[in-house]
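Participant: Attaching a single structure in structure tokens format; questions to follow.
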Amino acid sequence: MATLTVKPEEERRVKGLGFLSNKGTDNFSARVITVNGKLSAKQMMCICEASEKYGNGVITFTSRQTVEVQGIHIDNIDPFREYIAKEGLEVGGTGPKVRPIVSCKGTTCQFGRIDTFAVSEEIHKRFYKGYRQVTLPHKFKIAVGGCPNNCVKPDLNDAGIIGQLVPVYKEELCRGCNKCAVEAACPMAAAKLSGGKLSIDKGICNNCGRCVGKCPFGALSEGKQGYKLYLGGRWGKNVSIGKPLSRIFESEEEVLLALEKAILLYRDKGNPGERFAVMIERMGFDKVEEAILSDELYQRKEEILAK
């Protein structure tokens, strides 16, 4: 067996930079941040070149949409960072902080209701980068999904955004067709034709928007774009399903402000080592929602961040 020369304190230091130890060796895996799961061809080529030049030529992908380059010797950590920086790439994504953002491909997906790449890039800029020096009680994971299909499981993250397309139903235009195209298009069976009129059960409808545009007579020709924010999800040894705030946000700026308040609340009220889901359970979801939908947290932003 090889003799290990990397001291524990040095291993902790480089882990903080985004380099994870390859067990039993003096080598590390570099966790390269993709921002939103998207890389250019030049960036991909740069990572491949760096893997061969400084690592063992093996590249893996994490569940958080980061790229791990394996087999980088401790002496090659700084040269590796310099090499990938020429294509605007960096390593990171560890510690009790906002973690790399996960995004589905809602921007290009036929079911996507929001521009997930743009939203997640903005979250990366504001909260992964902007809050990089802010220590939280524990890691804080964020996911952005384009629709209620939940492909990236936003409700299993500390905070998750799900795109919405709220149907705008004009009952006066409904002709009570024997075979309703809206009813047939609804995957949730929320749209029902009864007594010669269509009705939509809001308790069942998940605002996927698949019914929008299906009525040939214009009874449901448009939908209202929105953002639903889930809080308190967690995956792992202990699983928690996140709960949505009661409000559907109408703009990206509104939902990002609510997300920032959630992070501020976690920093302010979370106990050391306590996951966000546990804090919410301790405080009660109603109190958490009340705090996030009010202005008090944002007014205290500087005070909270200075703690």
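Labeling convention for the structure tokens: chains A, B, ... as they appear, residues from 1 per chain, ligands from 1 in order of appearance.
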Name the residues in contact with region 119-127 of chain A at a cut-off of 9 Å, using only C-alpha atoms, excluding same-chain residues fewer than 6 positions from it; report them as a ChimeraX atom specification.
Facilitator: /A:35-36,98-103,142-144,252,256,260,263
Participant: Just to be explicit: take each residue in the selection above, keep N, CA, C and O atoms, and write the result as a PDB file, in the first residue's frame.
Facilitator:
ATOM      1  N   VAL A  35     -22.433  25.603 -13.130  1.00  0.00           N
ATOM      2  CA  VAL A  35     -23.395  26.711 -12.950  1.00  0.00           C
ATOM      3  C   VAL A  35     -24.835  26.198 -12.977  1.00  0.00           C
ATOM      4  O   VAL A  35     -25.589  26.381 -12.042  1.00  0.00           O
ATOM      5  N   ASN A  36     -25.239  25.571 -14.087  1.00  0.00           N
ATOM      6  CA  ASN A  36     -26.624  25.096 -14.203  1.00  0.00           C
ATOM      7  C   ASN A  36     -26.712  23.782 -14.983  1.00  0.00           C
ATOM      8  O   ASN A  36     -27.718  23.505 -15.629  1.00  0.00           O
ATOM      9  N   VAL A  98     -24.365  27.557   0.503  1.00  0.00           N
ATOM     10  CA  VAL A  98     -25.212  27.294  -0.658  1.00  0.00           C
ATOM     11  C   VAL A  98     -24.415  26.432  -1.626  1.00  0.00           C
ATOM     12  O   VAL A  98     -23.291  26.776  -1.999  1.00  0.00           O
ATOM     13  N   ARG A  99     -24.997  25.312  -2.019  1.00  0.00           N
ATOM     14  CA  ARG A  99     -24.307  24.354  -2.876  1.00  0.00           C
ATOM     15  C   ARG A  99     -24.603  24.643  -4.356  1.00  0.00           C
ATOM     16  O   ARG A  99     -25.516  25.423  -4.681  1.00  0.00           O
ATOM     17  N   PRO A 100     -23.884  23.993  -5.277  1.00  0.00           N
ATOM     18  CA  PRO A 100     -24.146  24.213  -6.703  1.00  0.00           C
ATOM     19  C   PRO A 100     -25.609  23.977  -7.061  1.00  0.00           C
ATOM     20  O   PRO A 100     -26.253  23.062  -6.531  1.00  0.00           O
ATOM     21  N   ILE A 101     -26.121  24.798  -7.936  1.00  0.00           N
ATOM     22  CA  ILE A 101     -27.538  24.778  -8.297  1.00  0.00           C
ATOM     23  C   ILE A 101     -27.798  23.682  -9.330  1.00  0.00           C
ATOM     24  O   ILE A 101     -27.030  23.509 -10.270  1.00  0.00           O
ATOM     25  N   VAL A 102     -28.900  22.970  -9.142  1.00  0.00           N
ATOM     26  CA  VAL A 102     -29.309  21.937 -10.091  1.00  0.00           C
ATOM     27  C   VAL A 102     -30.477  22.461 -10.918  1.00  0.00           C
ATOM     28  O   VAL A 102     -31.410  23.063 -10.378  1.00  0.00           O
ATOM     29  N   SER A 103     -30.424  22.221 -12.216  1.00  0.00           N
ATOM     30  CA  SER A 103     -31.481  22.698 -13.113  1.00  0.00           C
ATOM     31  C   SER A 103     -31.886  21.598 -14.079  1.00  0.00           C
ATOM     32  O   SER A 103     -31.046  20.846 -14.573  1.00  0.00           O
ATOM     33  N   ILE A 142     -30.290  23.796  -3.696  1.00  0.00           N
ATOM     34  CA  ILE A 142     -31.360  24.453  -4.449  1.00  0.00           C
ATOM     35  C   ILE A 142     -31.497  23.766  -5.802  1.00  0.00           C
ATOM     36  O   ILE A 142     -30.502  23.464  -6.458  1.00  0.00           O
ATOM     37  N   ALA A 143     -32.736  23.524  -6.225  1.00  0.00           N
ATOM     38  CA  ALA A 143     -32.996  22.948  -7.547  1.00  0.00           C
ATOM     39  C   ALA A 143     -34.080  23.753  -8.244  1.00  0.00           C
ATOM     40  O   ALA A 143     -34.998  24.280  -7.607  1.00  0.00           O
ATOM     41  N   VAL A 144     -33.978  23.828  -9.568  1.00  0.00           N
ATOM     42  CA  VAL A 144     -34.951  24.557 -10.387  1.00  0.00           C
ATOM     43  C   VAL A 144     -35.542  23.595 -11.407  1.00  0.00           C
ATOM     44  O   VAL A 144     -34.824  23.035 -12.235  1.00  0.00           O
ATOM     45  N   GLU A 252     -39.902  36.219 -11.686  1.00  0.00           N
ATOM     46  CA  GLU A 252     -38.634  35.636 -11.237  1.00  0.00           C
ATOM     47  C   GLU A 252     -38.073  36.417 -10.063  1.00  0.00           C
ATOM     48  O   GLU A 252     -37.574  35.836  -9.092  1.00  0.00           O
ATOM     49  N   LEU A 256     -37.099  34.883  -6.325  1.00  0.00           N
ATOM     50  CA  LEU A 256     -35.712  34.939  -5.876  1.00  0.00           C
ATOM     51  C   LEU A 256     -35.578  35.730  -4.580  1.00  0.00           C
ATOM     52  O   LEU A 256     -34.724  35.418  -3.734  1.00  0.00           O
ATOM     53  N   GLU A 260     -34.074  34.206  -1.161  1.00  0.00           N
ATOM     54  CA  GLU A 260     -33.042  34.859  -0.353  1.00  0.00           C
ATOM     55  C   GLU A 260     -33.481  34.976   1.101  1.00  0.00           C
ATOM     56  O   GLU A 260     -32.682  34.768   2.027  1.00  0.00           O
ATOM     57  N   ILE A 263     -32.870  31.744   2.878  1.00  0.00           N
ATOM     58  CA  ILE A 263     -31.458  31.570   3.247  1.00  0.00           C
ATOM     59  C   ILE A 263     -31.124  32.426   4.468  1.00  0.00           C
ATOM     60  O   ILE A 263     -30.430  31.978   5.388  1.00  0.00           O
TER      61      ILE A 263
END
Participant: I want to know what sits within 8 Å of Cys147 (chain A), based on only C-alpha atoms, with residues of the same chain fewer than 4 positions away left out; could you give that as a VMD selection string?
Facilitator: chain A and resid 106 111 to 114 162 to 164 208
Participant: Between CA of Arg132 (chain A) and CA of Lys307 (chain A), what is the distance, to one decimal in Å?
Facilitator: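 Interatomic distance, CA of Arg132 (chain A) to CA of Lys307 (chain A): 15.1 Å.
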Participant: What's around Leu193 (chain A) at 10 Å? Count only C-alpha atoms, leave out sequence neighbours fewer than 2 positions away in its own chain, and write the answer as a list of chain:residue names.
Facilitator: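 The contact residues come out as A:Cys174, A:Gly176, A:Cys177, A:Asn178, A:Lys179, A:Cys180, A:Val182, A:Glu183, A:Ala191, A:Gly195, A:Gly196, A:Lys197, A:Leu198, A:Ser199, A:Ile200.
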Participant: Produce a file of the selected residues containing C-alpha atoms, as a short mmCIF file (atom, residue, chain, number, x, y, z; two decimals), in the first residue's frame.
Facilitator:
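Written output follows (out22.cif):
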data_model
loop_
_atom_site.label_atom_id
_atom_site.label_comp_id
_atom_site.auth_asym_id
_atom_site.auth_seq_id
_atom_site.Cartn_x
_atom_site.Cartn_y
_atom_site.Cartn_z
CA CYS A 174 -67.23 26.72 -22.99
CA GLY A 176 -69.94 21.74 -23.33
CA CYS A 177 -68.65 19.53 -26.16
CA ASN A 178 -69.47 15.83 -25.86
CA LYS A 179 -65.74 15.12 -26.05
CA CYS A 180 -63.83 17.87 -24.28
CA VAL A 182 -59.27 20.11 -22.33
CA GLU A 183 -60.49 17.22 -20.21
CA ALA A 191 -60.54 19.19 -15.67
CA GLY A 195 -73.67 19.21 -16.61
CA GLY A 196 -72.61 20.60 -19.95
CA LYS A 197 -69.82 22.76 -18.53
CA LEU A 198 -66.13 22.30 -17.87
CA SER A 199 -64.79 22.81 -14.36
CA ILE A 200 -61.21 22.74 -13.06
#
Participant: Write out as JSON lines a residue-level contact list of region 140-186 of chain A versus region 232-248 of chain A with cut-off 10 Å: for each qualifying residue the closest pair of atoms and the distance in Å to one decimal, counting only C-alpha atoms, rows sorted by chain and residue number upward.
Facilitator:
{"residue": "A:Phe140", "atom": "CA", "partner": "A:Arg234", "partner_atom": "CA", "distance": 9.7}
{"residue": "A:Lys141", "atom": "CA", "partner": "A:Arg234", "partner_atom": "CA", "distance": 8.7}
{"residue": "A:Ile142", "atom": "CA", "partner": "A:Gly233", "partner_atom": "CA", "distance": 9.6}
{"residue": "A:Lys153", "atom": "CA", "partner": "A:Gly233", "partner_atom": "CA", "distance": 9.2}
{"residue": "A:Pro154", "atom": "CA", "partner": "A:Gly233", "partner_atom": "CA", "distance": 7.8}
{"residue": "A:Asp155", "atom": "CA", "partner": "A:Gly242", "partner_atom": "CA", "distance": 4.6}
{"residue": "A:Leu156", "atom": "CA", "partner": "A:Gly233", "partner_atom": "CA", "distance": 4.0}
{"residue": "A:Asn157", "atom": "CA", "partner": "A:Gly233", "partner_atom": "CA", "distance": 4.4}
{"residue": "A:Asp158", "atom": "CA", "partner": "A:Gly232", "partner_atom": "CA", "distance": 4.7}
{"residue": "A:Ala159", "atom": "CA", "partner": "A:Gly232", "partner_atom": "CA", "distance": 6.4}
{"residue": "A:Gly160", "atom": "CA", "partner": "A:Gly233", "partner_atom": "CA", "distance": 8.0}
{"residue": "A:Ile161", "atom": "CA", "partner": "A:Pro244", "partner_atom": "CA", "distance": 9.2}
{"residue": "A:Ile162", "atom": "CA", "partner": "A:Pro244", "partner_atom": "CA", "distance": 9.6}
{"residue": "A:Gly163", "atom": "CA", "partner": "A:Ile248", "partner_atom": "CA", "distance": 9.6}
{"residue": "A:Gln164", "atom": "CA", "partner": "A:Ile248", "partner_atom": "CA", "distance": 8.2}
{"residue": "A:Val166", "atom": "CA", "partner": "A:Ile248", "partner_atom": "CA", "distance": 9.3}
Participant: Given the choices A:Pro79, A:Arg13, A:Phe28, A:Glu250, which gets closest to Val58 (chain A) if the distance is worked out from only C-alpha atoms?
Facilitator: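 Checking each of A:Pro79, A:Arg13, A:Phe28, A:Glu250 against Val58 (chain A), counting only C-alpha atoms, the winner is A:Phe28.
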Participant: I need the residues in region 128-187 of chain A that are alpha helix (DSSP H) according to DSSP; give them as a ChimeraX atom specification.
Facilitator: /A:181-185
Participant: Identify all residues of region 90-245 of chain A in strand (DSSP E) (DSSP on the backbone) and supply them as a VMD selection string.
Facilitator: chain A and resid 102 to 103 142 to 145 159 to 168 191 to 194 197 to 200 222 to 231 243 to 244
Participant: Can you work out the spacing between CA of Pro96 (chain A) and CA of Ile47 (chain A) in Å, to one decimal?
Facilitator: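 Straight-line distance from CA of Pro96 (chain A) to CA of Ile47 (chain A) works out to 26.3 Å.
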Participant: As a list in words, please: the residues near Asn271 (chain A) (cut-off 12 Å, only C-alpha atoms, same-chain neighbours under 2 positions excluded).
Facilitator: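 Contacts, in chain order: Thr135, Leu136, Pro137, His138, Leu265, Tyr266, Arg267, Asp268, Lys269, Gly273, Glu274, Arg275, Phe276, Ala277, Val278, Met279, Ile280, Arg282 and Met283 of chain A.
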Participant: Excluding same-chain residues fewer than 2 positions from Ser29 (chain A), what lies within 9 Å of it counting only C-alpha atoms, as a list in words?
Facilitator: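 The filter keeps Gly18, Phe19, Leu20, Ser21, Asn22, Asn27, Arg31, Gly55, Glu68, Val69, Gln70, Gly71, Ile72 and His73 of chain A.
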Participant: Restrict the selected residues to C-alpha atoms and save them as a tab-separated table (two decimals), in the first residue's frame.
Facilitator:
chain	number	residue	atom	x	y	z
A	18	GLY	CA	-13.48	21.76	-4.03
A	19	PHE	CA	-10.99	18.85	-4.13
A	20	LEU	CA	-12.15	15.59	-2.57
A	21	SER	CA	-9.68	12.94	-1.46
A	22	ASN	CA	-9.40	9.74	-3.48
A	27	ASN	CA	-4.77	12.17	-5.20
A	31	ARG	CA	-15.35	19.21	-8.40
A	55	GLY	CA	-5.44	13.77	-13.52
A	68	GLU	CA	-15.43	15.49	-11.09
A	69	VAL	CA	-11.96	15.04	-12.55
A	70	GLN	CA	-10.23	12.18	-10.74
A	71	GLY	CA	-6.65	11.39	-9.84
A	72	ILE	CA	-5.21	14.89	-9.39
A	73	HIS	CA	-2.10	14.79	-7.22
Participant: For CA of Arg210 (chain A) and CA of Ala118 (chain A), determine how far apart the two atoms are, in Å to one decimal place.
Facilitator: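 If I compute the distance from CA of Arg210 (chain A) to CA of Ala118 (chain A), I get 22.4 Å.
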Participant: Have a look at A:Phe80, A:Gly24, A:Asn149, A:Asp286 and name the one nearest to Cys109 (chain A); count only C-alpha atoms.
Facilitator: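 For Cys109 (chain A), the nearest of the candidates is A:Asn149.
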Participant: Just the residues within 10 Å of Leu220 (chain A), please, counting only C-alpha atoms, with nothing from its chain fewer than 2 positions along; format it as a PyMOL selection string.
Facilitator: chain A and resi 167-171+173-174+182+211-218+222-223
